[in-house]
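Okay, final-v1.tsv is below, TSV, C-alpha atoms:
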```tsv
chain	number	residue	atom	x	y	z
Q	1	MET	CA	22.63	-4.86	-8.86
Q	2	THR	CA	20.37	-2.60	-10.87
Q	3	LYS	CA	19.20	0.56	-9.11
Q	4	HIS	CA	16.01	0.97	-11.15
Q	5	TRP	CA	12.78	-0.89	-11.92
Q	6	MET	CA	10.31	-0.57	-14.78
Q	7	LEU	CA	6.99	-0.32	-12.97
Q	8	GLY	CA	4.28	-1.79	-15.15
Q	9	GLY	CA	6.73	-1.81	-18.01
Q	10	ASP	CA	6.49	1.92	-18.62
Q	11	ARG	CA	7.45	3.88	-15.49
Q	12	ARG	CA	11.13	3.76	-14.55
Q	13	VAL	CA	11.68	4.30	-10.84
Q	14	SER	CA	14.63	4.12	-8.50
Q	15	ARG	CA	14.43	1.03	-6.35
Q	16	LEU	CA	14.81	3.18	-3.25
Q	17	GLY	CA	11.87	5.56	-2.85
Q	18	PHE	CA	10.11	7.37	-0.02
Q	19	GLY	CA	7.10	6.57	2.16
Q	20	ALA	CA	4.99	9.53	3.30
Q	21	MET	CA	3.17	7.89	6.22
Q	22	ARG	CA	5.25	9.59	8.93
Q	23	LEU	CA	4.97	13.13	7.58
Q	24	PRO	CA	1.65	14.10	9.25
Q	25	ALA	CA	2.55	12.36	12.54
Q	26	ARG	CA	4.96	9.81	13.94
Q	27	SER	CA	2.06	7.45	14.72
Q	28	TRP	CA	-1.69	7.25	14.23
Q	29	ASP	CA	-2.11	8.80	17.69
Q	30	GLY	CA	0.31	11.70	17.11
Q	31	PRO	CA	1.97	13.91	17.94
Q	32	ALA	CA	1.52	15.99	14.83
Q	33	GLY	CA	4.52	16.54	12.62
Q	34	ASP	CA	5.98	19.90	11.71
Q	35	ARG	CA	4.53	21.17	8.44
Q	36	GLU	CA	7.56	23.12	7.23
Q	37	THR	CA	9.90	20.24	8.00
Q	38	ALA	CA	7.63	17.83	6.12
Q	39	LEU	CA	7.63	20.09	3.08
Q	40	ALA	CA	11.41	20.40	3.25
Q	41	VAL	CA	11.81	16.62	3.47
Q	42	LEU	CA	9.67	16.08	0.37
Q	43	ARG	CA	11.53	18.68	-1.65
Q	44	ARG	CA	14.90	17.34	-0.55
Q	45	ALA	CA	13.85	13.78	-1.39
Q	46	VAL	CA	13.24	14.77	-5.01
Q	47	GLU	CA	16.53	16.70	-5.07
Q	48	LEU	CA	18.30	13.52	-3.93
Q	49	GLY	CA	16.81	11.55	-6.82
Q	50	VAL	CA	13.72	10.00	-5.24
Q	51	ASP	CA	11.17	9.43	-8.00
Q	52	HIS	CA	8.75	7.06	-6.23
Q	53	ILE	CA	6.65	8.35	-3.33
Q	54	ASP	CA	4.14	6.16	-1.49
Q	55	THR	CA	1.16	7.82	0.18
Q	56	ALA	CA	-2.54	7.46	1.04
Q	57	ALA	CA	-5.44	9.78	1.81
Q	58	PHE	CA	-5.72	8.16	5.25
Q	59	TYR	CA	-2.16	9.23	6.10
Q	60	ALA	CA	-3.39	12.22	8.05
Q	61	TYR	CA	-3.38	13.70	11.53
Q	62	GLY	CA	-5.22	16.83	12.60
Q	63	ASP	CA	-4.78	19.47	9.92
Q	64	LEU	CA	-1.91	17.64	8.24
Q	65	SER	CA	-2.35	15.13	5.44
Q	66	ALA	CA	0.37	13.43	3.42
Q	67	ASN	CA	-1.38	14.07	0.10
Q	68	GLU	CA	-1.77	17.80	0.71
Q	69	LEU	CA	1.85	18.06	1.83
Q	70	ILE	CA	3.01	16.30	-1.33
Q	71	ARG	CA	0.85	18.57	-3.49
Q	72	THR	CA	2.10	21.73	-1.80
Q	73	ALA	CA	5.76	20.71	-1.84
Q	74	LEU	CA	6.07	19.21	-5.30
Q	75	ARG	CA	3.38	20.51	-7.64
Q	76	PRO	CA	3.88	21.03	-10.54
Q	77	TYR	CA	5.16	17.50	-10.37
Q	78	PRO	CA	8.35	16.38	-12.13
Q	79	GLU	CA	7.47	14.27	-15.17
Q	80	ASP	CA	9.46	11.31	-13.86
Q	81	LEU	CA	7.84	11.29	-10.39
Q	82	VAL	CA	5.64	8.28	-9.64
Q	83	ILE	CA	3.17	8.71	-6.79
Q	84	ALA	CA	1.60	5.53	-5.45
Q	85	THR	CA	-1.41	5.58	-3.17
Q	86	LYS	CA	-3.72	3.03	-1.63
Q	87	VAL	CA	-7.43	2.66	-0.98
Q	88	GLY	CA	-9.43	0.32	1.21
Q	89	PRO	CA	-8.97	1.43	4.84
Q	90	ARG	CA	-11.27	4.24	5.97
Q	91	ARG	CA	-10.81	6.64	8.87
Q	92	GLY	CA	-13.36	8.82	10.60
Q	93	PRO	CA	-13.06	11.48	13.31
Q	94	GLU	CA	-13.10	8.81	16.01
Q	95	GLY	CA	-10.85	6.23	14.37
Q	96	TRP	CA	-10.88	3.41	11.86
Q	97	LEU	CA	-14.09	2.42	10.10
Q	98	SER	CA	-14.99	-0.72	8.18
Q	99	GLU	CA	-13.09	-1.33	4.97
Q	100	ALA	CA	-14.28	0.37	1.81
Q	101	GLY	CA	-16.68	-1.77	-0.17
Q	102	PRO	CA	-16.99	-1.81	-3.94
Q	103	GLY	CA	-19.37	1.15	-3.86
Q	104	ASP	CA	-16.91	3.24	-1.85
Q	105	LEU	CA	-13.83	2.87	-4.02
Q	106	ARG	CA	-14.56	5.50	-6.66
Q	107	ALA	CA	-14.95	8.11	-3.94
Q	108	ALA	CA	-11.70	6.92	-2.35
Q	109	VAL	CA	-9.85	7.27	-5.64
Q	110	GLU	CA	-11.37	10.70	-6.23
Q	111	GLU	CA	-10.30	11.76	-2.72
Q	112	ASN	CA	-6.72	10.90	-3.59
Q	113	LEU	CA	-6.95	12.68	-6.93
Q	114	ALA	CA	-8.21	15.83	-5.23
Q	115	GLY	CA	-5.70	15.67	-2.39
Q	116	LEU	CA	-2.77	15.25	-4.74
Q	117	GLY	CA	-4.10	17.68	-7.33
Q	118	ARG	CA	-3.86	15.19	-10.19
Q	119	ASP	CA	-6.10	14.04	-13.02
Q	120	HIS	CA	-4.89	10.44	-12.74
Q	121	LEU	CA	-3.02	8.28	-10.24
Q	122	ASP	CA	0.17	6.48	-11.24
Q	123	LEU	CA	-0.36	3.45	-9.01
Q	124	VAL	CA	-3.25	2.52	-6.73
Q	125	TYR	CA	-3.03	-0.39	-4.30
Q	126	LEU	CA	-6.10	-2.15	-3.02
Q	127	ARG	CA	-5.19	-2.41	0.67
Q	128	VAL	CA	-7.01	-5.26	2.38
Q	129	GLY	CA	-7.51	-6.18	6.03
Q	130	LEU	CA	-5.28	-7.48	8.77
Q	131	MET	CA	-3.36	-10.68	8.11
Q	132	GLU	CA	-5.53	-12.68	10.49
Q	133	THR	CA	-8.69	-11.88	8.48
Q	134	ARG	CA	-7.39	-11.26	5.00
Q	135	ASP	CA	-8.38	-14.49	3.22
Q	136	GLU	CA	-11.67	-13.04	1.99
Q	137	PRO	CA	-12.35	-12.70	-1.76
Q	138	ILE	CA	-11.18	-9.38	-3.19
Q	139	GLY	CA	-12.15	-9.77	-6.84
Q	140	GLU	CA	-15.22	-7.54	-6.73
Q	141	ARG	CA	-13.35	-4.62	-5.21
Q	142	PHE	CA	-10.37	-5.06	-7.51
Q	143	ALA	CA	-12.72	-5.08	-10.51
Q	144	VAL	CA	-14.00	-1.64	-9.52
Q	145	LEU	CA	-10.44	-0.30	-9.57
Q	146	ALA	CA	-9.87	-2.05	-12.89
Q	147	GLY	CA	-12.86	-0.16	-14.25
Q	148	LEU	CA	-11.42	3.14	-13.03
Q	149	ARG	CA	-8.19	2.18	-14.74
Q	150	GLU	CA	-10.10	1.71	-17.99
Q	151	GLU	CA	-11.56	5.20	-17.50
Q	152	GLY	CA	-8.04	6.64	-17.27
Q	153	LEU	CA	-8.20	7.64	-13.60
Q	154	ILE	CA	-5.55	5.07	-12.67
Q	155	ARG	CA	-2.48	4.03	-14.63
Q	156	HIS	CA	-1.42	0.90	-12.74
Q	157	LEU	CA	-2.90	-1.32	-10.04
Q	158	GLY	CA	-1.34	-3.05	-7.05
Q	159	LEU	CA	-2.32	-5.06	-3.98
Q	160	SER	CA	-1.31	-4.53	-0.37
Q	161	ASN	CA	-1.32	-6.91	2.59
Q	162	VAL	CA	-2.45	-9.89	0.56
Q	163	THR	CA	-1.86	-13.61	0.27
Q	164	ALA	CA	-0.66	-15.46	-2.80
Q	165	GLY	CA	-4.22	-16.74	-3.19
Q	166	GLN	CA	-5.64	-13.24	-3.30
Q	167	LEU	CA	-3.07	-12.22	-5.90
Q	168	ALA	CA	-4.14	-15.21	-7.99
Q	169	GLN	CA	-7.82	-14.19	-7.64
Q	170	VAL	CA	-7.38	-10.94	-9.52
Q	171	ARG	CA	-4.62	-11.40	-12.06
Q	172	ASP	CA	-7.14	-12.22	-14.79
Q	173	VAL	CA	-9.11	-9.06	-13.99
Q	174	ALA	CA	-6.32	-6.56	-14.67
Q	175	PRO	CA	-2.52	-6.54	-14.48
Q	176	VAL	CA	-1.03	-6.30	-10.98
Q	177	VAL	CA	2.26	-4.39	-11.18
Q	178	ALA	CA	3.16	-4.25	-7.47
Q	179	VAL	CA	2.49	-6.01	-4.17
Q	180	GLN	CA	3.04	-4.15	-0.91
Q	181	ASN	CA	3.31	-6.46	2.11
Q	182	HIS	CA	4.96	-6.40	5.52
Q	183	PHE	CA	8.51	-7.63	5.08
Q	184	HIS	CA	11.91	-6.61	6.41
Q	185	LEU	CA	15.17	-8.06	7.61
Q	186	THR	CA	13.77	-9.52	10.82
Q	187	ARG	CA	10.38	-10.42	9.36
Q	188	GLN	CA	10.96	-12.74	6.43
Q	189	ASP	CA	7.73	-14.74	6.42
Q	190	ASP	CA	6.47	-13.72	2.97
Q	191	LEU	CA	9.12	-15.48	0.89
Q	192	ASP	CA	6.65	-17.58	-1.11
Q	193	LEU	CA	4.78	-14.50	-2.31
Q	194	LEU	CA	8.07	-12.73	-3.00
Q	195	ALA	CA	9.11	-15.69	-5.15
Q	196	GLU	CA	5.81	-15.52	-7.04
Q	197	CYS	CA	6.38	-11.81	-7.70
Q	198	GLU	CA	9.83	-12.67	-9.05
Q	199	ARG	CA	8.35	-15.25	-11.43
Q	200	ALA	CA	5.67	-12.85	-12.62
Q	201	GLY	CA	7.83	-9.71	-12.86
Q	202	ILE	CA	5.73	-7.94	-10.21
Q	203	ALA	CA	7.41	-5.35	-7.99
Q	204	TYR	CA	7.47	-6.30	-4.31
Q	205	VAL	CA	7.35	-3.19	-2.12
Q	206	PRO	CA	7.75	-3.93	1.60
Q	207	PHE	CA	5.97	-1.62	3.98
Q	208	PHE	CA	7.79	-1.00	7.27
Q	209	PRO	CA	11.11	-1.78	5.51
Q	210	LEU	CA	12.96	-0.77	8.69
Q	211	GLY	CA	10.69	-2.71	11.01
Q	212	GLY	CA	8.22	0.04	11.84
Q	213	PHE	CA	8.72	-0.18	15.60
Q	214	GLY	CA	12.40	0.61	16.08
Q	215	LEU	CA	15.56	-0.85	14.59
Q	216	PRO	CA	16.59	-4.35	15.70
Q	217	ASP	CA	19.39	-4.64	18.24
Q	218	ASP	CA	21.27	-7.53	16.67
Q	219	GLU	CA	25.04	-7.77	16.80
Q	220	ARG	CA	25.19	-9.56	13.44
Q	221	ILE	CA	23.63	-6.57	11.68
Q	222	GLY	CA	25.81	-4.23	13.71
Q	223	ARG	CA	29.00	-6.02	12.64
Q	224	ILE	CA	28.11	-5.73	8.97
Q	225	ALA	CA	27.20	-2.07	9.41
Q	226	GLU	CA	30.52	-1.37	11.12
Q	227	ARG	CA	32.42	-3.19	8.39
Q	228	HIS	CA	30.92	-0.85	5.77
Q	229	GLY	CA	31.00	2.33	7.86
Q	230	ALA	CA	27.21	2.32	7.57
Q	231	THR	CA	24.22	2.40	9.90
Q	232	VAL	CA	21.94	-0.49	10.79
Q	233	ALA	CA	19.14	1.19	8.84
Q	234	GLN	CA	21.32	1.40	5.75
Q	235	VAL	CA	22.23	-2.28	6.01
Q	236	MET	CA	18.55	-3.21	6.31
Q	237	LEU	CA	17.66	-1.21	3.21
Q	238	ALA	CA	20.65	-2.49	1.22
Q	239	TRP	CA	19.66	-6.05	2.16
Q	240	LEU	CA	16.12	-5.51	0.85
Q	241	LEU	CA	17.50	-4.36	-2.50
Q	242	ALA	CA	19.93	-7.29	-2.60
Q	243	ARG	CA	17.36	-9.88	-1.47
Q	244	SER	CA	15.51	-9.88	-4.78
Q	245	PRO	CA	15.68	-7.97	-8.07
Q	246	VAL	CA	11.96	-7.10	-7.74
Q	247	THR	CA	12.11	-5.42	-4.31
Q	248	LEU	CA	11.58	-1.68	-4.03
Q	249	ALA	CA	12.22	0.03	-0.68
Q	250	ILE	CA	10.08	2.95	0.53
Q	251	PRO	CA	11.49	4.01	3.92
Q	252	GLY	CA	9.65	6.91	5.50
Q	253	THR	CA	10.95	9.64	7.76
Q	254	SER	CA	10.18	13.17	8.86
Q	255	SER	CA	13.88	13.94	9.37
Q	256	LEU	CA	16.17	15.49	6.76
Q	257	ALA	CA	19.15	13.69	8.25
Q	258	HIS	CA	17.47	10.29	8.17
Q	259	LEU	CA	16.27	10.97	4.64
Q	260	ALA	CA	19.83	11.48	3.44
Q	261	GLU	CA	20.93	8.37	5.34
Q	262	ASN	CA	18.18	6.26	3.76
Q	263	VAL	CA	18.81	7.47	0.22
Q	264	ALA	CA	22.53	6.75	0.57
Q	265	ALA	CA	21.70	3.09	1.29
Q	266	ALA	CA	21.11	2.59	-2.44
Q	267	ASP	CA	24.89	2.79	-2.90
Q	268	LEU	CA	25.72	0.25	-0.18
Q	269	VAL	CA	26.74	-3.07	-1.75
Q	270	LEU	CA	26.64	-6.17	0.45
Q	271	ASP	CA	28.64	-9.21	-0.61
Q	272	GLU	CA	27.07	-12.64	-1.08
Q	273	GLY	CA	28.24	-13.86	2.31
Q	274	GLU	CA	26.71	-10.88	4.08
Q	275	VAL	CA	23.42	-11.29	2.25
Q	276	ALA	CA	23.34	-14.98	3.16
Q	277	GLU	CA	24.06	-14.18	6.82
Q	278	LEU	CA	21.27	-11.63	6.89
Q	279	ASN	CA	18.88	-13.98	5.08
Q	280	ALA	CA	19.25	-16.37	8.00
Q	281	LEU	CA	17.96	-13.94	10.62
Q	282	ALA	CA	14.76	-15.23	12.21
Q	283	HIS	CA	11.88	-13.33	13.79
Q	284	ARG	CA	8.65	-13.71	15.68
Q	285	LYS	CA	5.57	-12.96	13.63
Q	286	THR	CA	3.80	-9.81	14.86
Q	287	ASP	CA	0.53	-8.11	14.12
Q	288	ILE	CA	0.21	-6.05	10.96
Q	289	LEU	CA	-0.80	-2.43	11.12
Q	290	LEU	CA	-2.24	-0.27	8.38
```
Can you turn what I pasted into structure tokens?
Amino acid sequence: MTKHWMLGGDRRVSRLGFGAMRLPARSWDGPAGDRETALAVLRRAVELGVDHIDTAAFYAYGDLSANELIRTALRPYPEDLVIATKVGPRRGPEGWLSEAGPGDLRAAVEENLAGLGRDHLDLVYLRVGLMETRDEPIGERFAVLAGLREEGLIRHLGLSNVTAGQLAQVRDVAPVVAVQNHFHLTRQDDLDLLAECERAGIAYVPFFPLGGFGLPDDERIGRIAERHGATVAQVMLAWLLARSPVTLAIPGTSSLAHLAENVAAADLVLDEGEVAELNALAHRKTDILL
């Protein structure tokens, strides 16, 4: 199993990266994270070989924002570090606002540029609405991002929380190098889109790779973890990497110990029988969060 992926054909990244969502706070409603711990986690992640960090300007709580933490901890950035961000959702002082329209996207990209202290963004996802309402056309908004890519503000484009139909809508507008959807060991209902990404050579980057709401209590996963002297979280991440050659995992944490645990999962090799057993785990479809 290869441990790396060529993102967009020109940016080599480790298939196990880091998600910054939990650095400002453990949830959208808090409590706030610890600033110094967050900075230490980011610096340690890079020391451990993480070269793909996923963030967004709306990952913020109180005075803490993921982009500012990344800028403070890691700038000047290593040349091999890829920072992915996303635009679409908007937050105000009192909560979530309507999604960004075509006329709002330049400002959203510029907000990320300023927050990260960069003159271009490596990868920008267009993040669309909740699964129950996400069949709307997205071509006009994606075309705005494609224009910003032509200007040099964005290197690569991706889509997040989309259907196969929405991916098809925009592939003639500009190349899509990554899709970020909700998918993990106990939520395997996006297999058709994963298969399409495999055919097209598009990276598939699950958000909530560890479930997002606590680890599953399933004896089958526990037995495999015990067999390898590993944790359930490590088995879940190793399964994602084994499930398809195009999957990239971006587990997030605000803990140095959990960071080390997650990164070590890249070295956990599951055999074919274990992968098949884990593939068979079912789930109940749940609501998607931002």
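Residue neighbourhood of region 229-234 of chain Q, excluding near-sequence residues (fewer than 5 positions): Leu210, Leu215, Pro216, Asp217, Ile221, Gly222, Ile224, Trp239, Glu261, Asn262, Val263, Ala264, Ala265, Ala266 and Leu268 of chain Q, at 9 Å, using all atoms listed in the file.
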- Message: Just checking: using all atoms listed in the file, which residue out of Q:Pro78, Q:Gly92, Q:Gly252, Q:Gly101 ends up closest to Glu47 (chain Q)?
- Response: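 Ranked by minimum distance to Glu47 (chain Q), first place goes to Q:Pro78.
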- Just give me the gap between CA of Ser14 (chain Q) and CA of Ala174 (chain Q) in Å, one decimal is fine.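 It comes out at 24.3 Å.
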- Query: CA of Arg22 (chain Q) and CA of Leu126 (chain Q), how far apart in Å?
  - Reply: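 Calculated distance between CA of Leu126 (chain Q) and CA of Arg22 (chain Q) is 20.2 Å.
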Residue neighbourhood region 149-161 of chain Q, 9 Å, all atoms listed in the file, exclusion window fewer than 3 positions, as a PDB file with C-alpha atoms, in the frame of the given file:
```pdb
ATOM      1  CA  LEU Q   7       6.990  -0.320 -12.970  1.00  0.00           C
ATOM      2  CA  GLY Q   8       4.280  -1.790 -15.150  1.00  0.00           C
ATOM      3  CA  LYS Q  86      -3.720   3.030  -1.630  1.00  0.00           C
ATOM      4  CA  VAL Q 109      -9.850   7.270  -5.640  1.00  0.00           C
ATOM      5  CA  GLU Q 110     -11.370  10.700  -6.230  1.00  0.00           C
ATOM      6  CA  LEU Q 113      -6.950  12.680  -6.930  1.00  0.00           C
ATOM      7  CA  ASP Q 119      -6.100  14.040 -13.020  1.00  0.00           C
ATOM      8  CA  HIS Q 120      -4.890  10.440 -12.740  1.00  0.00           C
ATOM      9  CA  LEU Q 121      -3.020   8.280 -10.240  1.00  0.00           C
ATOM     10  CA  ASP Q 122       0.170   6.480 -11.240  1.00  0.00           C
ATOM     11  CA  LEU Q 123      -0.360   3.450  -9.010  1.00  0.00           C
ATOM     12  CA  VAL Q 124      -3.250   2.520  -6.730  1.00  0.00           C
ATOM     13  CA  TYR Q 125      -3.030  -0.390  -4.300  1.00  0.00           C
ATOM     14  CA  LEU Q 126      -6.100  -2.150  -3.020  1.00  0.00           C
ATOM     15  CA  ARG Q 127      -5.190  -2.410   0.670  1.00  0.00           C
ATOM     16  CA  VAL Q 128      -7.010  -5.260   2.380  1.00  0.00           C
ATOM     17  CA  GLY Q 129      -7.510  -6.180   6.030  1.00  0.00           C
ATOM     18  CA  LEU Q 130      -5.280  -7.480   8.770  1.00  0.00           C
ATOM     19  CA  MET Q 131      -3.360 -10.680   8.110  1.00  0.00           C
ATOM     20  CA  ARG Q 134      -7.390 -11.260   5.000  1.00  0.00           C
ATOM     21  CA  PHE Q 142     -10.370  -5.060  -7.510  1.00  0.00           C
ATOM     22  CA  VAL Q 144     -14.000  -1.640  -9.520  1.00  0.00           C
ATOM     23  CA  LEU Q 145     -10.440  -0.300  -9.570  1.00  0.00           C
ATOM     24  CA  ALA Q 146      -9.870  -2.050 -12.890  1.00  0.00           C
ATOM     25  CA  GLN Q 166      -5.640 -13.240  -3.300  1.00  0.00           C
ATOM     26  CA  LEU Q 167      -3.070 -12.220  -5.900  1.00  0.00           C
ATOM     27  CA  ALA Q 174      -6.320  -6.560 -14.670  1.00  0.00           C
ATOM     28  CA  PRO Q 175      -2.520  -6.540 -14.480  1.00  0.00           C
ATOM     29  CA  VAL Q 176      -1.030  -6.300 -10.980  1.00  0.00           C
ATOM     30  CA  VAL Q 177       2.260  -4.390 -11.180  1.00  0.00           C
ATOM     31  CA  ALA Q 178       3.160  -4.250  -7.470  1.00  0.00           C
ATOM     32  CA  VAL Q 179       2.490  -6.010  -4.170  1.00  0.00           C
ATOM     33  CA  GLN Q 180       3.040  -4.150  -0.910  1.00  0.00           C
ATOM     34  CA  ASN Q 181       3.310  -6.460   2.110  1.00  0.00           C
ATOM     35  CA  HIS Q 182       4.960  -6.400   5.520  1.00  0.00           C
ATOM     36  CA  VAL Q 205       7.350  -3.190  -2.120  1.00  0.00           C
ATOM     37  CA  PHE Q 207       5.970  -1.620   3.980  1.00  0.00           C
ATOM     38  CA  ILE Q 288       0.210  -6.050  10.960  1.00  0.00           C
ATOM     39  CA  LEU Q 290      -2.240  -0.270   8.380  1.00  0.00           C
TER      40      LEU Q 290
END
```
- Query: From the list Q:Val13, Q:Glu196, Q:Ala73, Q:Leu185, which residue is nearest Ala276 (chain Q) when using all atoms listed in the file?
  - Reply: Q:Leu185
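Residue nearest Thr2 (chain Q), chosen from Q:Leu256, Q:Leu16, Q:Ala60, Q:Leu281 and counting all atoms listed in the file: Q:Leu16.
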- Item | Between CA of His52 (chain Q) and CA of Glu274 (chain Q) - distance in Å to one decimal |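 Distance reported for this atom pair: 27.4 Å.
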Cut-off 9 Å: closest region 151-269 of chain Q/region 29-46 of chain Q atom pairs per residue, using all atoms listed in the file, as JSON lines:
```
{"residue": "Q:Thr253", "atom": "CA", "partner": "Q:Val41", "partner_atom": "CA", "distance": 8.2}
{"residue": "Q:Ser254", "atom": "CA", "partner": "Q:Ala38", "partner_atom": "CA", "distance": 6.0}
{"residue": "Q:Ser255", "atom": "CA", "partner": "Q:Val41", "partner_atom": "CA", "distance": 6.8}
{"residue": "Q:Leu256", "atom": "CA", "partner": "Q:Val41", "partner_atom": "CA", "distance": 5.6}
{"residue": "Q:Leu259", "atom": "CA", "partner": "Q:Ala45", "partner_atom": "CA", "distance": 7.1}
{"residue": "Q:Ala260", "atom": "CA", "partner": "Q:Ala45", "partner_atom": "CA", "distance": 8.0}
{"residue": "Q:Val263", "atom": "CA", "partner": "Q:Ala45", "partner_atom": "CA", "distance": 8.2}
```
- Item | All residues 10 Å or closer to Arg243 (chain Q), all atoms listed in the file, same chain fewer than 5 positions away omitted, as an MDAnalysis selection string | chainID Q and resid 185 194 237:238 275:276 278:279
